[in-house]
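Asker: My structure is in query-v5.cif, and what it holds is mmCIF, C-alpha atoms and all ligand atoms:
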data_model
#
loop_
_atom_site.label_atom_id
_atom_site.label_comp_id
_atom_site.auth_asym_id
_atom_site.auth_seq_id
_atom_site.Cartn_x
_atom_site.Cartn_y
_atom_site.Cartn_z
CA MET N 1 53.27 39.07 -35.04
CA TYR N 2 51.19 35.95 -34.60
CA PRO N 3 51.11 33.00 -34.90
CA ARG N 4 54.34 32.73 -33.01
CA LEU N 5 56.47 29.85 -31.82
CA THR N 6 58.37 30.86 -28.71
CA ILE N 7 61.47 28.83 -27.99
CA ASN N 8 62.64 29.00 -24.39
CA LEU N 9 66.39 28.47 -24.72
CA GLN N 10 66.95 28.13 -20.98
CA LYS N 11 64.41 25.29 -20.83
CA LEU N 12 65.93 23.64 -23.89
CA LYS N 13 69.33 23.85 -22.21
CA ASN N 14 67.88 22.16 -19.12
CA ASN N 15 66.42 19.41 -21.31
CA LEU N 16 69.75 18.95 -23.04
CA ASP N 17 71.52 18.70 -19.66
CA ALA N 18 68.95 16.10 -18.58
CA VAL N 19 69.15 13.86 -21.66
CA ALA N 20 72.96 14.18 -21.66
CA GLU N 21 73.04 13.03 -18.03
CA ILE N 22 70.97 9.93 -18.84
CA THR N 23 72.58 9.07 -22.18
CA LYS N 24 76.23 9.74 -21.37
CA LYS N 25 76.63 9.38 -17.59
CA GLN N 26 74.15 6.60 -16.95
CA GLY N 27 74.15 4.97 -20.37
CA GLY N 28 77.79 5.32 -21.37
CA CYS N 29 76.72 6.33 -24.89
CA SER N 30 77.86 9.16 -27.11
CA LEU N 31 75.20 11.79 -27.76
CA MET N 32 73.84 12.69 -31.16
CA ILE N 33 71.35 15.57 -31.13
CA VAL N 34 68.83 15.57 -33.97
CA THR N 35 67.90 19.03 -35.21
CA LYS N 36 65.26 18.36 -37.89
CA ALA N 37 62.10 18.74 -35.80
CA LEU N 38 62.89 22.41 -35.15
CA CYS N 39 64.05 22.88 -38.74
CA ALA N 40 67.62 23.47 -37.50
CA ASP N 41 66.58 26.71 -35.80
CA PRO N 42 69.76 28.85 -35.54
CA GLU N 43 69.42 29.74 -31.83
CA MET N 44 68.82 26.08 -30.96
CA ILE N 45 71.82 25.16 -33.11
CA ASP N 46 73.94 27.68 -31.26
CA LEU N 47 72.93 26.16 -27.92
CA VAL N 48 73.52 22.56 -29.05
CA SER N 49 76.85 23.28 -30.73
CA ARG N 50 78.14 24.99 -27.56
CA HIS N 51 77.10 22.17 -25.25
CA PRO N 52 80.13 20.12 -24.19
CA ALA N 53 78.16 16.85 -23.91
CA VAL N 54 77.07 16.83 -27.56
CA ASP N 55 79.27 14.68 -29.81
CA PHE N 56 77.27 14.68 -33.06
CA MET N 57 74.69 16.99 -34.65
CA ALA N 58 72.35 15.30 -37.08
CA ASP N 59 69.59 16.15 -39.52
CA SER N 60 67.65 14.35 -42.22
CA ARG N 61 68.07 17.21 -44.70
CA THR N 62 71.30 18.39 -46.29
CA ARG N 63 69.70 21.83 -46.56
CA ASN N 64 69.59 22.06 -42.78
CA LEU N 65 73.10 20.63 -42.35
CA LYS N 66 74.45 23.26 -44.73
CA THR N 67 73.30 26.03 -42.37
CA TYR N 68 75.35 24.75 -39.44
CA ALA N 69 78.12 22.47 -40.69
CA GLY N 70 80.72 25.23 -40.31
CA LYS N 71 79.70 26.12 -36.77
CA ALA N 72 79.56 22.45 -35.73
CA LYS N 73 83.05 21.81 -37.04
CA GLU N 74 84.42 24.91 -35.27
CA ARG N 75 83.00 23.61 -32.02
CA GLY N 76 84.25 20.06 -32.45
CA LYS N 77 80.97 18.32 -33.32
CA GLN N 78 80.67 15.85 -36.17
CA THR N 79 77.72 16.34 -38.53
CA VAL N 80 75.50 13.46 -39.61
CA LEU N 81 72.98 13.00 -42.43
CA LEU N 82 70.29 10.71 -41.02
CA ARG N 83 68.18 10.02 -44.06
CA ILE N 84 69.66 7.75 -46.73
CA PRO N 85 71.09 10.31 -49.17
CA MET N 86 69.33 11.00 -52.47
CA GLU N 87 71.58 10.49 -55.46
CA CYS N 88 70.97 14.15 -56.32
CA GLU N 89 72.40 15.40 -53.00
CA LEU N 90 75.66 13.46 -52.77
CA LYS N 91 77.72 16.60 -53.31
CA GLU N 92 76.02 18.31 -50.35
CA THR N 93 76.23 15.10 -48.33
CA VAL N 94 80.01 14.97 -48.60
CA ALA N 95 80.36 18.75 -48.21
CA PHE N 96 78.19 19.20 -45.11
CA ALA N 97 78.07 15.81 -43.35
CA ASP N 98 81.06 14.02 -41.85
CA ILE N 99 78.95 10.88 -41.58
CA SER N 100 75.91 9.59 -43.50
CA PHE N 101 73.52 6.70 -42.91
CA ASN N 102 73.29 4.33 -45.86
CA SER N 103 71.76 1.08 -47.09
CA GLU N 104 72.15 1.03 -50.90
CA PRO N 105 75.27 -0.27 -52.72
CA GLU N 106 74.68 1.93 -55.79
CA THR N 107 74.48 5.06 -53.66
CA LEU N 108 77.61 4.02 -51.76
CA LYS N 109 79.58 3.73 -55.01
CA LEU N 110 78.47 7.19 -56.13
CA LEU N 111 79.15 8.58 -52.65
CA ASN N 112 82.67 7.19 -52.85
CA GLU N 113 83.24 8.92 -56.20
CA GLU N 114 81.97 12.22 -54.81
CA ALA N 115 84.18 11.93 -51.71
CA GLY N 116 87.11 11.32 -54.06
CA ARG N 117 86.26 14.46 -56.03
CA GLN N 118 86.14 16.49 -52.81
CA GLU N 119 89.34 14.82 -51.58
CA LYS N 120 87.68 13.67 -48.37
CA THR N 121 87.18 10.45 -46.47
CA HIS N 122 83.45 10.20 -45.81
CA LYS N 123 82.23 8.08 -42.89
CA VAL N 124 79.43 5.59 -43.46
CA VAL N 125 77.02 4.08 -40.96
CA LEU N 126 75.09 1.10 -42.34
CA MET N 127 71.43 0.93 -41.40
CA ILE N 128 70.12 -2.41 -40.20
CA ASP N 129 66.33 -2.89 -40.14
CA LEU N 130 65.32 -4.88 -37.05
CA GLY N 131 61.67 -5.06 -38.06
CA ASP N 132 60.32 -1.50 -38.00
CA LEU N 133 60.38 -1.73 -41.82
CA ARG N 134 61.63 1.73 -42.58
CA GLU N 135 65.21 2.10 -43.83
CA GLY N 136 68.00 -0.44 -43.54
CA ILE N 137 69.10 -3.88 -44.67
CA PHE N 138 66.76 -6.46 -43.16
CA TYR N 139 68.50 -8.10 -40.19
CA GLN N 140 67.95 -11.65 -41.47
CA ASN N 141 69.71 -10.96 -44.73
CA GLU N 142 73.26 -12.01 -43.88
CA THR N 143 74.49 -11.95 -47.48
CA GLU N 144 73.35 -8.41 -48.04
CA ILE N 145 74.72 -7.09 -44.73
CA PHE N 146 78.17 -8.63 -45.26
CA ALA N 147 78.24 -7.48 -48.89
CA ALA N 148 77.45 -3.89 -47.92
CA ALA N 149 80.12 -3.87 -45.20
CA GLU N 150 82.66 -5.36 -47.58
CA LEU N 151 81.80 -2.79 -50.24
CA VAL N 152 82.31 0.15 -47.87
CA LEU N 153 85.62 -1.33 -46.70
CA LYS N 154 86.73 -1.70 -50.30
CA LEU N 155 85.79 1.82 -51.46
CA GLU N 156 88.84 3.95 -50.83
CA HIS N 157 87.17 7.28 -50.00
CA LEU N 158 84.69 5.77 -47.54
CA GLU N 159 85.23 4.63 -43.97
CA LEU N 160 82.96 2.03 -42.33
CA TYR N 161 82.20 3.97 -39.16
CA GLY N 162 79.45 1.83 -37.69
CA ILE N 163 75.96 0.38 -37.84
CA ALA N 164 72.64 1.73 -36.63
CA VAL N 165 68.98 0.90 -36.26
CA ASN N 166 65.91 3.08 -36.35
CA LEU N 167 62.76 1.97 -34.55
CA THR N 168 59.35 3.35 -33.49
CA CYS N 169 59.07 5.60 -36.55
CA TYR N 170 57.17 3.72 -39.23
CA GLY N 171 56.30 0.35 -37.74
CA ALA N 172 56.08 1.74 -34.17
CA ILE N 173 58.23 -1.16 -32.96
CA ILE N 174 59.55 -0.60 -29.43
CA PRO N 175 63.27 -1.06 -28.80
CA LYS N 176 63.98 -3.79 -26.25
CA HIS N 177 67.01 -5.59 -24.95
CA ASP N 178 66.20 -8.45 -27.33
CA ASN N 179 65.97 -6.60 -30.64
CA LEU N 180 68.86 -4.25 -29.87
CA SER N 181 70.98 -7.27 -28.97
CA LEU N 182 70.55 -8.38 -32.58
CA LEU N 183 72.22 -5.14 -33.67
CA CYS N 184 75.10 -5.84 -31.27
CA GLN N 185 75.44 -9.35 -32.67
CA TRP N 186 75.66 -7.92 -36.16
CA ALA N 187 78.37 -5.51 -35.02
CA GLU N 188 80.36 -8.43 -33.62
CA LYS N 189 79.87 -10.55 -36.73
CA ILE N 190 81.10 -7.72 -38.97
CA GLU N 191 84.04 -6.99 -36.66
CA ASN N 192 85.07 -10.64 -36.56
CA LYS N 193 84.62 -11.34 -40.23
CA PHE N 194 86.63 -8.37 -41.42
CA GLY N 195 89.00 -7.99 -38.45
CA ILE N 196 87.94 -4.40 -37.79
CA ARG N 197 86.49 -2.36 -34.98
CA LEU N 198 83.28 -0.35 -35.50
CA GLN N 199 83.28 3.08 -33.88
CA MET N 200 79.54 3.52 -33.65
CA ILE N 201 76.78 1.10 -32.74
CA SER N 202 73.81 3.43 -32.66
CA GLY N 203 70.82 1.99 -30.82
CA GLY N 204 68.05 4.29 -31.97
CA ASN N 205 66.23 7.51 -31.21
CA SER N 206 64.23 8.94 -28.32
CA SER N 207 62.37 5.66 -27.96
CA SER N 208 65.53 3.88 -26.76
CA ILE N 209 66.42 6.17 -23.86
CA TYR N 210 64.02 4.46 -21.43
CA LEU N 211 66.17 1.31 -21.66
CA ILE N 212 69.03 3.13 -19.92
CA GLU N 213 66.89 3.96 -16.91
CA ARG N 214 65.81 0.34 -16.70
CA GLY N 215 69.37 -0.89 -17.08
CA GLU N 216 68.35 -2.83 -20.19
CA LEU N 217 70.35 -1.14 -22.94
CA PRO N 218 72.77 -3.77 -24.31
CA GLU N 219 76.37 -3.02 -23.32
CA LYS N 220 77.69 -2.77 -26.87
CA ILE N 221 75.28 0.02 -27.92
CA ASN N 222 77.41 3.15 -27.68
CA ASN N 223 75.31 5.90 -29.25
CA LEU N 224 71.76 7.30 -29.17
CA ARG N 225 70.25 9.90 -31.51
CA LEU N 226 67.88 12.25 -29.71
CA GLY N 227 65.43 14.79 -31.11
CA GLU N 228 62.04 14.67 -29.43
CA SER N 229 63.36 13.73 -25.97
CA PHE N 230 65.57 16.82 -26.02
CA LEU N 231 62.95 19.20 -27.44
CA LEU N 232 59.82 17.95 -25.66
CA GLY N 233 61.19 15.86 -22.79
CA ASN N 234 59.48 12.65 -23.98
CA ASP N 235 60.47 9.03 -23.78
CA THR N 236 58.73 8.15 -27.03
CA ALA N 237 58.49 4.39 -26.41
CA TYR N 238 55.86 4.71 -23.68
CA GLY N 239 55.22 8.46 -23.65
CA THR N 240 56.55 9.08 -20.15
CA LYS N 241 58.31 12.28 -19.07
CA LEU N 242 62.07 12.01 -18.71
CA PRO N 243 63.45 13.07 -15.34
CA GLY N 244 64.76 16.65 -15.30
CA THR N 245 63.03 17.70 -18.55
CA THR N 246 60.10 20.03 -19.24
CA ASP N 247 57.47 19.77 -21.97
CA ASP N 248 56.91 23.50 -22.37
CA ALA N 249 60.17 24.76 -23.83
CA LEU N 250 58.22 25.39 -27.03
CA ILE N 251 54.99 27.40 -26.92
CA LEU N 252 52.77 28.20 -29.87
CA GLU N 253 50.64 31.35 -29.65
CA ALA N 254 47.80 32.37 -31.97
CA GLN N 255 45.39 35.30 -32.04
CA ILE N 256 41.59 35.21 -31.83
CA VAL N 257 39.96 36.74 -34.91
CA GLU N 258 36.33 35.83 -34.20
CA LEU N 259 34.44 35.01 -31.03
CA LYS N 260 30.75 34.16 -31.21
CA GLU N 261 28.09 32.07 -29.55
CA LYS N 262 26.86 29.50 -32.03
CA PRO N 263 25.44 25.96 -31.96
CA SER N 264 27.89 23.07 -31.76
CA LEU N 265 26.14 21.17 -34.57
CA PRO N 266 26.39 22.48 -38.14
CA VAL N 267 23.21 23.19 -40.06
CA GLY N 268 22.38 21.31 -43.29
CA GLU N 269 23.47 18.13 -45.01
CA VAL N 270 26.95 16.98 -43.95
CA GLY N 271 29.37 16.28 -46.82
CA VAL N 272 33.15 16.14 -46.47
CA ASP N 273 35.42 18.84 -45.06
CA ALA N 274 38.27 20.69 -46.83
CA PHE N 275 40.48 17.60 -46.43
CA GLY N 276 38.00 15.03 -47.71
CA GLN N 277 37.13 13.79 -44.23
CA LYS N 278 33.59 13.28 -42.95
CA PRO N 279 33.53 15.31 -39.74
CA HIS N 280 32.11 14.03 -36.49
CA TYR N 281 30.30 16.51 -34.22
CA GLU N 282 29.41 16.35 -30.57
CA ASP N 283 26.31 18.27 -29.48
CA ARG N 284 27.39 20.63 -26.73
CA GLY N 285 24.43 23.00 -27.18
CA ILE N 286 25.15 26.69 -27.75
CA ILE N 287 28.86 27.29 -27.15
CA LYS N 288 31.34 30.14 -27.19
CA ARG N 289 33.44 29.52 -30.30
CA ALA N 290 36.73 31.27 -30.86
CA ILE N 291 38.49 31.20 -34.21
CA ILE N 292 42.26 31.61 -34.04
CA ALA N 293 44.28 32.57 -37.09
CA ILE N 294 46.28 29.40 -37.58
CA GLY N 295 45.50 26.22 -39.45
CA ARG N 296 46.70 23.00 -40.97
CA GLN N 297 49.18 24.91 -43.11
CA ASP N 298 51.02 25.82 -39.92
CA THR N 299 50.42 23.11 -37.37
CA ASP N 300 48.69 19.83 -36.54
CA PRO N 301 45.51 20.38 -34.47
CA ASP N 302 45.82 16.85 -33.05
CA SER N 303 49.30 17.57 -31.76
CA MET N 304 48.80 20.62 -29.58
CA GLU N 305 47.40 21.22 -26.11
CA PRO N 306 45.96 24.53 -24.85
CA LEU N 307 47.70 25.84 -21.70
CA ASP N 308 44.23 26.99 -20.58
CA LYS N 309 42.55 23.73 -19.53
CA GLY N 310 39.13 25.32 -20.17
CA VAL N 311 39.79 25.44 -23.92
CA ASP N 312 39.01 22.57 -26.33
CA ILE N 313 40.22 22.33 -29.92
CA LEU N 314 37.21 21.47 -32.09
CA GLY N 315 38.94 21.31 -35.44
CA ALA N 316 40.84 23.17 -38.10
CA SER N 317 40.92 23.94 -41.80
CA SER N 318 43.94 25.32 -43.69
CA ASP N 319 43.95 28.73 -42.00
CA HIS N 320 41.38 28.63 -39.21
CA MET N 321 41.29 26.74 -35.95
CA ILE N 322 38.08 26.54 -33.98
CA LEU N 323 38.13 26.45 -30.20
CA ASP N 324 35.39 25.91 -27.64
CA VAL N 325 36.15 28.43 -24.89
CA THR N 326 32.82 28.09 -23.07
CA LYS N 327 34.31 26.48 -19.96
CA SER N 328 37.30 28.77 -19.66
CA GLU N 329 37.61 31.13 -16.71
CA ILE N 330 39.33 33.66 -18.97
CA PRO N 331 36.89 36.17 -20.55
CA TYR N 332 38.39 35.91 -24.04
CA LYS N 333 37.79 38.65 -26.58
CA VAL N 334 38.82 39.23 -30.18
CA GLY N 335 42.53 40.05 -30.32
CA ASP N 336 43.45 37.86 -27.32
CA ILE N 337 46.23 35.30 -27.60
CA VAL N 338 45.74 31.58 -26.91
CA SER N 339 48.84 29.50 -26.05
CA PHE N 340 49.60 25.82 -26.65
CA LYS N 341 52.15 23.17 -25.78
CA LEU N 342 53.11 21.05 -28.75
CA GLY N 343 53.51 17.41 -29.66
CA TYR N 344 55.94 16.16 -32.29
CA GLY N 345 53.68 16.76 -35.32
CA GLY N 346 52.64 20.23 -34.20
CA MET N 347 56.23 21.21 -33.47
CA LEU N 348 57.47 19.89 -36.83
CA ALA N 349 54.78 21.72 -38.78
CA CYS N 350 55.04 25.10 -37.09
CA ALA N 351 58.86 25.05 -37.10
CA THR N 352 58.72 24.67 -40.89
CA SER N 353 55.79 26.99 -41.67
CA PRO N 354 56.97 30.34 -43.08
CA TYR N 355 53.80 31.86 -41.61
CA VAL N 356 54.80 31.15 -38.03
CA GLU N 357 57.03 33.80 -36.49
CA LYS N 358 59.75 32.62 -34.15
CA GLY N 359 60.61 34.25 -30.85
CA TYR N 360 63.07 33.39 -28.08
CA LEU N 361 63.14 33.48 -24.30
CA GLY N 362 65.95 32.89 -21.85
CA SER N 363 68.96 33.52 -24.10
C1 LIG E 401 64.36 11.64 -36.80
C2 LIG E 401 65.37 10.63 -36.53
C3 LIG E 401 65.93 10.48 -35.25
C4 LIG E 401 65.45 11.30 -34.06
O1 LIG E 401 64.20 10.83 -33.62
P1 LIG E 401 63.52 11.36 -32.26
O2 LIG E 401 62.37 10.46 -32.03
O3 LIG E 401 63.09 12.78 -32.52
O4 LIG E 401 64.53 11.29 -31.19
C5 LIG E 401 66.93 9.55 -35.08
N1 LIG E 401 67.36 8.77 -36.09
C6 LIG E 401 66.84 8.87 -37.34
C7 LIG E 401 67.35 7.97 -38.41
C8 LIG E 401 65.83 9.79 -37.60
O5 LIG E 401 65.32 9.87 -38.84
#
Once more with this new file: its structure as structure tokens, please.
Answerer:
Amino acid sequence: MYPRLTINLQKLKNNLDAVAEITKKQGGCSLMIVTKALCADPEMIDLVSRHPAVDFMADSRTRNLKTYAGKAKERGKQTVLLRIPMECELKETVAFADISFNSEPETLKLLNEEAGRQEKTHKVVLMIDLGDLREGIFYQNETEIFAAAELVLKLEHLELYGIAVNLTCYGAIIPKHDNLSLLCQWAEKIENKFGIRLQMISGGNSSSIYLIERGELPEKINNLRLGESFLLGNDTAYGTKLPGTTDDALILEAQIVELKEKPSLPVGEVGVDAFGQKPHYEDRGIIKRAIIAIGRQDTDPDSMEPLDKGVDILGASSDHMILDVTKSEIPYKVGDIVSFKLGYGGMLACATSPYVEKGYLGS
């Protein structure tokens, strides 16, 4: 059935080998693989949990962690909840994550109570915001950072496992030696003030990996959390390809349901499209237009690239995507399949759409 997302497990394994080589061998960091962008796909999980270089398996959703916490534990990987836990999911947080990322004192107190109820010691990583302005205690707020650390140390069912930063997600701030050094300074300040040693100083996501290759990752950073670089082979700071990775481990295929020659400009007064946007059209004359049976419910048309270079994506509504196949050398007909590489948004959407079938290669 189509649309179909084909996951090439051999290529994913190669990507995992490549990012492990950079992160662990060259960077001296532990490796946390982030599973959310493929919606914790079970075959991918199997591959990651078997890989000897993986230390932690992380997701932003407790629902995803629940599906693989048992397997991860069996294979010696710690599980991590990346998104600050909702108060309504603290039970699942303690049950399925060994470690969670936190920034709110109230949540920490409730988390401690829940860990007590489940007779567990739950590990806490405090998020520090270095200016990307998503989650974390703002790095200039010394009082709040020390108070949070002290609170975790005081709560008897919690362990202060480390501190972490997230960058290049909301504010698109690029990790550098300078800003990551601030995280290291905070680690030292906390260690000195409380006479402890932090296990994890986590220096970010796939946008931090380029610093290793440049030799600019501060010494004290000892963990990176990688999703996109593993799945798509991207350094997400500057969009370069990481050595040894491929960008076609995931391929989206969709079927042509209509193929007609029509003008490239619509006829009549232009209002707004199905998503309230005023469309912009380019006059290409009469073109060969293919409609494939996939849409914004399943993917992001701005985050996919046809393997056939002669195909252009013109746009999409909920269930239809319109392609210009005029310049293609392939004589497309109704029923043919068009294939795409994916970007982060496209991958995320089609991995979570119940309408997209999943298939595997190379297992
Ligand atoms: C999603 C996420 C990651 C992984 O990001 P990638 O860019 O896919 O590597 C890491 N850390 C946190 C907190 C996240 O939310």
Asker: Using all atoms listed in the file for the distances, tell me which of N:Val267, N:Val356, N:Leu155, N:Ile33 is nearest to Ala53 (chain N).
Answerer: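 Smallest separation from Ala53 (chain N) among the options: N:Ile33.
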Asker: Would you tabulate, counting all atoms listed in the file, all residues of chain N that have an atom at most 6 Å from an atom of ligand LIG 401 (chain E), showing the closest pair of atoms and their distance in Å to one decimal, sorted by chain then ascending number, as a Markdown table?
Answerer:
| residue | atom | partner | partner_atom | distance |
| --- | --- | --- | --- | --- |
| N:Val34 | CA | E:LIG401 | C4 | 5.4 |
| N:Leu82 | CA | E:LIG401 | C7 | 4.8 |
| N:Arg83 | CA | E:LIG401 | O5 | 6.0 |
| N:Asn166 | CA | E:LIG401 | C7 | 5.5 |
| N:Asn205 | CA | E:LIG401 | O4 | 4.1 |
| N:Ser206 | CA | E:LIG401 | O4 | 3.7 |
| N:Arg225 | CA | E:LIG401 | C5 | 4.9 |
| N:Leu226 | CA | E:LIG401 | O4 | 3.8 |
| N:Gly227 | CA | E:LIG401 | O3 | 3.4 |
| N:Glu228 | CA | E:LIG401 | O3 | 3.8 |
| N:Ser229 | CA | E:LIG401 | O4 | 5.9 |
Asker: Can you work out which one of N:Ala149, N:Ala72, N:Ile128, N:Ala316 has the shortest atom-to-atom distance to Ile201 (chain N), counting all atoms listed in the file?
Answerer: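 Answer, going by the shortest atom-to-atom distance: N:Ile128.
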Asker: Calculate how many Å separate CA of Asp248 (chain N) from CA of Asn64 (chain N), rounding to one decimal.
Answerer: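 Here the two named atoms are 24.1 Å from each other.
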Asker: In the coordinates of the file, take the point (68.1, -14.3, -35.1) and a cut-off of 12 Å; then, counting only C-alpha atoms, name each qualifying protein, DNA or RNA residue as a PyMOL selection string.
Answerer: chain N and resi 130-131+138-142+178-186
Asker: Quick one: of N:Glu43, N:Glu159, N:Asp312, N:Asp235, who's nearest to Met200 (chain N), counting only C-alpha atoms?
Answerer: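 Nearest candidate to Met200 (chain N) out of N:Glu43, N:Glu159, N:Asp312, N:Asp235: N:Glu159.
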Asker: With distances taken over only C-alpha atoms, which of N:Leu47, N:Val311, N:Leu224, N:Leu153 is nearest to Lys193 (chain N)?
Answerer: N:Leu153
Asker: So how far away is CA of Pro306 (chain N) from CA of Leu232 (chain N), in Å?
Answerer: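 So the answer is 15.4 Å.
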Asker: For Ala249 (chain N), work out the shell of residues within 6 Å, counting all atoms listed in the file and skipping chain neighbours fewer than 3 positions away, then give it as a PDB file with C-alpha atoms, in the coordinates of the input.
Answerer:
ATOM      1  CA  ILE N   7      61.470  28.830 -27.990  1.00  0.00           C
ATOM      2  CA  ASN N   8      62.640  29.000 -24.390  1.00  0.00           C
ATOM      3  CA  LYS N  11      64.410  25.290 -20.830  1.00  0.00           C
ATOM      4  CA  LEU N  12      65.930  23.640 -23.890  1.00  0.00           C
TER       5      LEU N  12
END
Asker: What lies within 12 Å of Gly295 (chain N) using only C-alpha atoms, ignoring chain neighbours under 6 positions off, as a PyMOL selection string?
Answerer: chain N and resi 3+254-255+274+301-302+304+313+315-323+346+349-350+353+355-356
Asker: Can you tell me which residues surround Leu9 (chain N) at a distance of at most 7 Å, considering all atoms listed in the file, apart from same-chain residues fewer than 6 positions away, and format the answer as a PyMOL selection string?
Answerer: chain N and resi 360-363
Asker: Suppose you want the space between CA of Tyr170 (chain N) and CA of Ser103 (chain N); what is it in Å?
Answerer: 16.8 Å
Asker: Excluding Thr352 (chain N) and residues on its chain fewer than 2 positions from it, collect all residues at most 10 Å away from it, counting all atoms listed in the file, and give them as a ChimeraX atom specification.
Answerer: /N:36-41,297-299,347-350,354-356
Asker: Please write as number ranges by chain the list of polymer residues whose atoms come within 7 Å of (49.7, 22.5, -24.8), counting only C-alpha atoms and keeping to the coordinates of the file.
Answerer: N: 304-307, 340-342
